[in-house]
>>> print(open('final-v4.cif').read())   # mmCIF, C-alpha atoms
data_target
#
loop_
_atom_site.group_PDB
_atom_site.id
_atom_site.type_symbol
_atom_site.label_atom_id
_atom_site.label_comp_id
_atom_site.auth_asym_id
_atom_site.auth_seq_id
_atom_site.Cartn_x
_atom_site.Cartn_y
_atom_site.Cartn_z
ATOM 1 C CA MET A 1 120.032 130.515 246.034
ATOM 2 C CA ALA A 2 120.524 132.019 242.565
ATOM 3 C CA ASN A 3 123.898 133.368 241.583
ATOM 4 C CA ASN A 4 123.315 136.970 240.480
ATOM 5 C CA GLU A 5 126.933 137.723 239.580
ATOM 6 C CA LEU A 6 127.425 139.261 236.203
ATOM 7 C CA THR A 7 129.881 137.182 234.213
ATOM 8 C CA SER A 8 131.627 137.808 230.946
ATOM 9 C CA ALA A 9 130.144 134.677 229.387
ATOM 10 C CA GLY A 10 128.454 135.527 226.133
ATOM 11 C CA LEU A 11 129.790 139.062 225.865
ATOM 12 C CA THR A 12 131.668 139.896 222.707
ATOM 13 C CA PRO A 13 134.914 141.896 222.733
ATOM 14 C CA ARG A 14 132.856 144.878 221.507
ATOM 15 C CA ASP A 15 130.458 144.433 224.442
ATOM 16 C CA HIS A 16 133.429 144.416 226.819
ATOM 17 C CA ALA A 17 134.839 147.526 225.166
ATOM 18 C CA PHE A 18 131.532 149.378 225.371
ATOM 19 C CA TYR A 19 130.843 148.480 228.993
ATOM 20 C CA GLY A 20 134.457 149.245 229.849
ATOM 21 C CA LEU A 21 133.943 152.761 228.507
ATOM 22 C CA VAL A 22 130.717 153.106 230.466
ATOM 23 C CA TRP A 23 132.367 151.828 233.654
ATOM 24 C CA ALA A 24 135.402 154.095 233.258
ATOM 25 C CA GLY A 25 133.307 157.170 232.525
ATOM 26 C CA THR A 26 130.913 156.546 235.389
ATOM 27 C CA THR A 27 133.638 155.688 237.899
ATOM 28 C CA LEU A 28 135.970 158.561 237.050
ATOM 29 C CA THR A 29 133.112 161.065 236.834
ATOM 30 C CA ALA A 30 131.798 160.066 240.255
ATOM 31 C CA ARG A 31 135.276 160.281 241.782
ATOM 32 C CA VAL A 32 135.905 163.781 240.417
ATOM 33 C CA ASP A 33 132.388 165.002 241.248
ATOM 34 C CA GLN A 34 132.744 163.821 244.839
ATOM 35 C CA ALA A 35 136.146 165.489 245.283
ATOM 36 C CA LEU A 36 135.020 168.792 243.728
ATOM 37 C CA THR A 37 131.800 168.885 245.728
ATOM 38 C CA ARG A 38 133.517 168.001 248.998
ATOM 39 C CA ARG A 39 136.407 170.469 248.677
ATOM 40 C CA HIS A 40 134.863 173.319 246.714
ATOM 41 C CA ASP A 41 131.075 172.845 246.872
ATOM 42 C CA LEU A 42 131.386 172.731 243.089
ATOM 43 C CA PRO A 43 129.539 169.952 241.228
ATOM 44 C CA LEU A 44 131.258 168.496 238.183
ATOM 45 C CA SER A 45 128.686 170.077 235.839
ATOM 46 C CA TRP A 46 129.689 173.508 237.159
ATOM 47 C CA PHE A 47 133.367 172.662 236.779
ATOM 48 C CA GLU A 48 132.778 171.514 233.206
ATOM 49 C CA VAL A 49 131.268 174.888 232.288
ATOM 50 C CA MET A 50 134.165 176.649 234.016
ATOM 51 C CA LEU A 51 136.642 174.448 232.116
ATOM 52 C CA TRP A 52 135.298 175.593 228.765
ATOM 53 C CA LEU A 53 135.085 179.205 229.867
ATOM 54 C CA HIS A 54 138.672 179.030 231.131
ATOM 55 C CA ALA A 55 139.795 177.827 227.706
ATOM 56 C CA HIS A 56 138.501 181.044 226.098
ATOM 57 C CA ASP A 57 139.799 184.540 226.655
ATOM 58 C CA GLU A 58 136.578 186.013 225.309
ATOM 59 C CA PRO A 59 133.044 185.453 226.660
ATOM 60 C CA ILE A 60 131.143 182.693 224.882
ATOM 61 C CA ALA A 61 127.468 182.034 224.180
ATOM 62 C CA SER A 62 125.407 179.556 226.187
ATOM 63 C CA SER A 63 124.624 177.698 222.980
ATOM 64 C CA GLU A 64 128.340 177.179 222.349
ATOM 65 C CA LEU A 65 128.797 175.904 225.901
ATOM 66 C CA GLY A 66 125.899 173.519 225.379
ATOM 67 C CA ALA A 67 127.536 172.184 222.219
ATOM 68 C CA LYS A 68 130.902 171.641 223.926
ATOM 69 C CA THR A 69 129.741 170.262 227.261
ATOM 70 C CA LEU A 70 127.548 167.297 228.065
ATOM 71 C CA LEU A 71 124.845 169.717 229.204
ATOM 72 C CA SER A 72 121.748 170.999 227.444
ATOM 73 C CA ARG A 73 121.333 174.705 226.807
ATOM 74 C CA SER A 74 118.846 174.986 229.693
ATOM 75 C CA GLN A 75 121.256 173.153 232.009
ATOM 76 C CA VAL A 76 124.058 175.498 230.959
ATOM 77 C CA SER A 77 121.786 178.433 231.777
ATOM 78 C CA ARG A 78 121.000 177.040 235.247
ATOM 79 C CA VAL A 79 124.671 176.327 235.932
ATOM 80 C CA ALA A 80 125.578 179.838 234.767
ATOM 81 C CA ASP A 81 122.930 181.264 237.121
ATOM 82 C CA SER A 82 124.448 179.346 240.035
ATOM 83 C CA LEU A 83 128.004 180.326 239.130
ATOM 84 C CA GLN A 84 126.949 183.959 238.700
ATOM 85 C CA ALA A 85 125.291 183.931 242.133
ATOM 86 C CA ARG A 86 128.661 182.890 243.563
ATOM 87 C CA GLY A 87 130.490 185.606 241.634
ATOM 88 C CA LEU A 88 132.370 183.109 239.473
ATOM 89 C CA VAL A 89 130.945 184.094 236.080
ATOM 90 C CA GLU A 90 129.464 187.181 234.539
ATOM 91 C CA ARG A 91 127.101 187.679 231.665
ATOM 92 C CA VAL A 92 128.014 190.302 229.110
ATOM 93 C CA PRO A 93 126.059 191.563 226.100
ATOM 94 C CA SER A 94 126.972 189.974 222.784
ATOM 95 C CA PRO A 95 128.865 192.411 220.556
ATOM 96 C CA THR A 96 127.048 191.054 217.487
ATOM 97 C CA ASP A 97 123.507 190.332 218.742
ATOM 98 C CA ALA A 98 121.781 192.723 221.124
ATOM 99 C CA ARG A 99 119.285 190.000 222.112
ATOM 100 C CA SER A 100 121.875 187.580 223.458
ATOM 101 C CA VAL A 101 124.497 187.478 226.153
ATOM 102 C CA ARG A 102 127.790 185.723 226.531
ATOM 103 C CA ILE A 103 129.323 184.181 229.622
ATOM 104 C CA ALA A 104 132.831 184.682 230.998
ATOM 105 C CA LEU A 105 134.732 183.705 234.116
ATOM 106 C CA THR A 106 135.368 186.503 236.579
ATOM 107 C CA GLU A 107 138.778 186.822 238.243
ATOM 108 C CA ALA A 108 137.305 185.006 241.246
ATOM 109 C CA GLY A 109 136.053 182.343 238.825
ATOM 110 C CA ARG A 110 139.526 181.916 237.324
ATOM 111 C CA ARG A 111 140.999 181.441 240.807
ATOM 112 C CA ALA A 112 138.237 179.009 241.790
ATOM 113 C CA TYR A 113 138.767 177.101 238.552
ATOM 114 C CA ALA A 114 142.508 176.778 239.174
ATOM 115 C CA GLU A 115 141.904 175.427 242.685
ATOM 116 C CA ALA A 116 139.200 173.029 241.482
ATOM 117 C CA ASP A 117 141.342 171.861 238.564
ATOM 118 C CA ALA A 118 144.133 170.971 240.990
ATOM 119 C CA THR A 119 141.586 168.932 242.959
ATOM 120 C CA ARG A 120 140.394 167.227 239.757
ATOM 121 C CA ARG A 121 143.949 166.285 238.835
ATOM 122 C CA GLU A 122 144.616 164.983 242.322
ATOM 123 C CA ALA A 123 141.417 162.911 242.303
ATOM 124 C CA LEU A 124 142.373 161.313 239.000
ATOM 125 C CA ALA A 125 146.080 160.790 239.651
ATOM 126 C CA GLU A 126 145.877 157.432 241.400
ATOM 127 C CA VAL A 127 143.215 155.871 239.195
ATOM 128 C CA PHE A 128 144.119 157.420 235.853
ATOM 129 C CA ASP A 129 147.474 159.176 235.589
ATOM 130 C CA ASP A 130 149.467 156.706 237.696
ATOM 131 C CA ARG A 131 148.141 153.718 235.739
ATOM 132 C CA LEU A 132 148.320 154.993 232.174
ATOM 133 C CA ASP A 133 151.530 155.764 230.325
ATOM 134 C CA ASP A 134 151.928 158.088 227.344
ATOM 135 C CA ALA A 135 151.174 155.270 224.884
ATOM 136 C CA ASP A 136 147.913 154.502 226.724
ATOM 137 C CA ILE A 137 146.916 158.173 226.637
ATOM 138 C CA ALA A 138 147.690 158.351 222.904
ATOM 139 C CA ALA A 139 145.610 155.204 222.294
ATOM 140 C CA LEU A 140 142.686 156.661 224.248
ATOM 141 C CA ARG A 141 142.937 159.897 222.286
ATOM 142 C CA THR A 142 142.761 157.894 219.061
ATOM 143 C CA VAL A 143 139.689 156.023 220.302
ATOM 144 C CA TRP A 144 137.902 159.191 221.476
ATOM 145 C CA THR A 145 138.683 160.929 218.188
ATOM 146 C CA LYS A 146 137.198 158.042 216.209
ATOM 147 C CA LEU A 147 134.119 157.882 218.421
ATOM 148 C CA LYS A 148 133.546 161.643 218.261
ATOM 149 C CA ASP A 149 133.855 161.830 214.469
ATOM 150 C CA LYS A 150 130.348 162.141 213.112
ATOM 151 C CA PRO A 151 129.629 161.126 209.541
ATOM 152 C CA ALA A 152 128.090 163.820 207.382
ATOM 153 C CA VAL A 153 124.328 163.499 207.281
#
>>> encode(input="final-v4.cif", output="structure tokens")
Amino acid sequence: MANNELTSAGLTPRDHAFYGLVWAGTTLTARVDQALTRRHDLPLSWFEVMLWLHAHDEPIASSELGAKTLLSRSQVSRVADSLQARGLVERVPSPTDARSVRIALTEAGRRAYAEADATRREALAEVFDDRLDDADIAALRTVWTKLKDKPAV
């Protein structure tokens, strides 16, 4: 019988680093998505849109949400439709472009976000917060900053 176990033989330190990032992202994302869906019927993609809306006092454009989130503009639009149907966001006319609208959390959306954010923090505590100290968090921030920096094209 063949041994199908994946081993680290032949993987470079960079391979390990890359697949470690993939594993961490996938594992933590799934954990948070499951907790948010189970407790709030709120998929992580919806929470992500709410997170960015919560960070702004003013309504923001779908295109800006698409640039900040991991979602496409059409996905942002579908998520906004779903959140609006639940009374968690509202669309308001853009003050500068009559053809476009901006999205904002409603008061109910702000309350729902706060509850969901507490769930997110709880879901991550054991596997993230309890295992990483301030130096680890600073190192991760340095790594993410380097990876997100895009060279001028």
>>> residues_around(input="final-v4.cif", residues="stretch 75-85 of chain A", least_positions_apart="2", cutoff="8 Å", atoms="only C-alpha atoms", output="number ranges by chain")
A: 45-46, 49, 62, 65-66, 71-73, 87-91, 103
>>> write_last_selection(input="final-v4.cif", atoms="C-alpha atoms", output="mmCIF file, in the frame of the given file")
data_model
loop_
_atom_site.group_PDB
_atom_site.id
_atom_site.type_symbol
_atom_site.label_atom_id
_atom_site.label_comp_id
_atom_site.auth_asym_id
_atom_site.auth_seq_id
_atom_site.Cartn_x
_atom_site.Cartn_y
_atom_site.Cartn_z
ATOM 1 C CA SER A 45 128.686 170.077 235.839
ATOM 2 C CA TRP A 46 129.689 173.508 237.159
ATOM 3 C CA VAL A 49 131.268 174.888 232.288
ATOM 4 C CA SER A 62 125.407 179.556 226.187
ATOM 5 C CA LEU A 65 128.797 175.904 225.901
ATOM 6 C CA GLY A 66 125.899 173.519 225.379
ATOM 7 C CA LEU A 71 124.845 169.717 229.204
ATOM 8 C CA SER A 72 121.748 170.999 227.444
ATOM 9 C CA ARG A 73 121.333 174.705 226.807
ATOM 10 C CA GLY A 87 130.490 185.606 241.634
ATOM 11 C CA LEU A 88 132.370 183.109 239.473
ATOM 12 C CA VAL A 89 130.945 184.094 236.080
ATOM 13 C CA GLU A 90 129.464 187.181 234.539
ATOM 14 C CA ARG A 91 127.101 187.679 231.665
ATOM 15 C CA ILE A 103 129.323 184.181 229.622
#
>>> closest_residue(input="final-v4.cif", among="A:Thr37, A:Ser100, A:Thr29, A:Thr106", to="A:Leu53", atoms="all atoms listed in the file")
A:Thr106
>>> residues_near_point(input="final-v4.cif", point="(142.6, 164.1, 241.3)", cutoff="12 Å", atoms="all atoms listed in the file", output="list of chain:residue names")
A:Leu28, A:Thr29, A:Ala30, A:Arg31, A:Val32, A:Asp33, A:Gln34, A:Ala35, A:Leu36, A:Arg39, A:Glu115, A:Ala116, A:Asp117, A:Ala118, A:Thr119, A:Arg120, A:Arg121, A:Glu122, A:Ala123, A:Leu124, A:Ala125, A:Glu126, A:Val127, A:Phe128, A:Asp129, A:Asp130
>>> atom_distance(input="final-v4.cif", atom1="atom CA of A:Pro43", atom2="atom CA of A:Val101")
23.7 Å
>>> axis_aligned_box(input="final-v4.cif", around="stretch 55-59 of chain A", padding_each_side="6 Å", output="JSON")
{"center_x": 136.4, "center_y": 181.9, "center_z": 226.5, "size_x": 18.8, "size_y": 20.2, "size_z": 14.4}
>>> atom_distance(input="final-v4.cif", atom1="atom CA of A:Asp57", atom2="atom CA of A:Ser74")
23.2 Å
>>> resolve_selection(input="final-v4.cif", expression="the PyMOL selection byres ((chain A and resi 109) around 9)", output="ChimeraX atom specification")
/A:50,54,83,86-89,104-108,110-114
>>> write_last_selection(input="final-v4.cif", atoms="C-alpha atoms", output="short mmCIF file (atom, residue, chain, number, x, y, z; two decimals), in the coordinates of the input")
data_model
loop_
_atom_site.label_atom_id
_atom_site.label_comp_id
_atom_site.auth_asym_id
_atom_site.auth_seq_id
_atom_site.Cartn_x
_atom_site.Cartn_y
_atom_site.Cartn_z
CA MET A 50 134.16 176.65 234.02
CA HIS A 54 138.67 179.03 231.13
CA LEU A 83 128.00 180.33 239.13
CA ARG A 86 128.66 182.89 243.56
CA GLY A 87 130.49 185.61 241.63
CA LEU A 88 132.37 183.11 239.47
CA VAL A 89 130.94 184.09 236.08
CA ALA A 104 132.83 184.68 231.00
CA LEU A 105 134.73 183.70 234.12
CA THR A 106 135.37 186.50 236.58
CA GLU A 107 138.78 186.82 238.24
CA ALA A 108 137.30 185.01 241.25
CA ARG A 110 139.53 181.92 237.32
CA ARG A 111 141.00 181.44 240.81
CA ALA A 112 138.24 179.01 241.79
CA TYR A 113 138.77 177.10 238.55
CA ALA A 114 142.51 176.78 239.17
#
>>> closest_residue(input="final-v4.cif", among="A:Asp15, A:Leu21, A:Gly10, A:Asp97", to="A:Trp144", atoms="all atoms listed in the file")
A:Leu21
>>> atom_distance(input="final-v4.cif", atom1="atom CA of A:Lys146", atom2="atom CA of A:Leu132")
19.7 Å
>>> build_atoms(input="final-v4.cif", residues="stretch 47-62 of chain A", atoms="N, CA and C atoms", output="PDB file, in the coordinates of the input")
ATOM      1  N   PHE A  47     131.953 172.663 237.153  1.00  0.00           N
ATOM      2  CA  PHE A  47     133.367 172.662 236.779  1.00  0.00           C
ATOM      3  C   PHE A  47     133.510 172.546 235.270  1.00  0.00           C
ATOM      4  N   GLU A  48     132.694 171.702 234.651  1.00  0.00           N
ATOM      5  CA  GLU A  48     132.778 171.514 233.206  1.00  0.00           C
ATOM      6  C   GLU A  48     132.525 172.833 232.460  1.00  0.00           C
ATOM      7  N   VAL A  49     131.534 173.586 232.902  1.00  0.00           N
ATOM      8  CA  VAL A  49     131.268 174.888 232.288  1.00  0.00           C
ATOM      9  C   VAL A  49     132.466 175.812 232.515  1.00  0.00           C
ATOM     10  N   MET A  50     132.995 175.809 233.716  1.00  0.00           N
ATOM     11  CA  MET A  50     134.165 176.649 234.016  1.00  0.00           C
ATOM     12  C   MET A  50     135.371 176.241 233.174  1.00  0.00           C
ATOM     13  N   LEU A  51     135.540 174.945 232.936  1.00  0.00           N
ATOM     14  CA  LEU A  51     136.642 174.448 232.116  1.00  0.00           C
ATOM     15  C   LEU A  51     136.602 175.059 230.723  1.00  0.00           C
ATOM     16  N   TRP A  52     135.422 175.038 230.117  1.00  0.00           N
ATOM     17  CA  TRP A  52     135.298 175.593 228.765  1.00  0.00           C
ATOM     18  C   TRP A  52     135.443 177.105 228.770  1.00  0.00           C
ATOM     19  N   LEU A  53     134.923 177.758 229.785  1.00  0.00           N
ATOM     20  CA  LEU A  53     135.085 179.205 229.867  1.00  0.00           C
ATOM     21  C   LEU A  53     136.557 179.568 230.067  1.00  0.00           C
ATOM     22  N   HIS A  54     137.252 178.785 230.867  1.00  0.00           N
ATOM     23  CA  HIS A  54     138.672 179.030 231.131  1.00  0.00           C
ATOM     24  C   HIS A  54     139.498 178.910 229.855  1.00  0.00           C
ATOM     25  N   ALA A  55     139.060 178.049 228.950  1.00  0.00           N
ATOM     26  CA  ALA A  55     139.795 177.827 227.706  1.00  0.00           C
ATOM     27  C   ALA A  55     139.635 178.978 226.710  1.00  0.00           C
ATOM     28  N   HIS A  56     138.744 179.917 227.004  1.00  0.00           N
ATOM     29  CA  HIS A  56     138.501 181.044 226.098  1.00  0.00           C
ATOM     30  C   HIS A  56     138.817 182.363 226.797  1.00  0.00           C
ATOM     31  N   ASP A  57     139.521 183.212 226.106  1.00  0.00           N
ATOM     32  CA  ASP A  57     139.799 184.540 226.655  1.00  0.00           C
ATOM     33  C   ASP A  57     138.588 185.453 226.545  1.00  0.00           C
ATOM     34  N   GLU A  58     137.763 185.196 225.559  1.00  0.00           N
ATOM     35  CA  GLU A  58     136.578 186.013 225.309  1.00  0.00           C
ATOM     36  C   GLU A  58     135.340 185.310 225.845  1.00  0.00           C
ATOM     37  N   PRO A  59     134.314 186.067 226.239  1.00  0.00           N
ATOM     38  CA  PRO A  59     133.044 185.453 226.660  1.00  0.00           C
ATOM     39  C   PRO A  59     132.454 184.619 225.533  1.00  0.00           C
ATOM     40  N   ILE A  60     131.751 183.551 225.899  1.00  0.00           N
ATOM     41  CA  ILE A  60     131.143 182.693 224.882  1.00  0.00           C
ATOM     42  C   ILE A  60     129.655 182.507 225.154  1.00  0.00           C
ATOM     43  N   ALA A  61     128.924 182.182 224.109  1.00  0.00           N
ATOM     44  CA  ALA A  61     127.468 182.034 224.180  1.00  0.00           C
ATOM     45  C   ALA A  61     127.077 180.742 224.883  1.00  0.00           C
ATOM     46  N   SER A  62     125.939 180.756 225.538  1.00  0.00           N
ATOM     47  CA  SER A  62     125.407 179.556 226.187  1.00  0.00           C
ATOM     48  C   SER A  62     125.249 178.416 225.190  1.00  0.00           C
TER      49      SER A  62
END
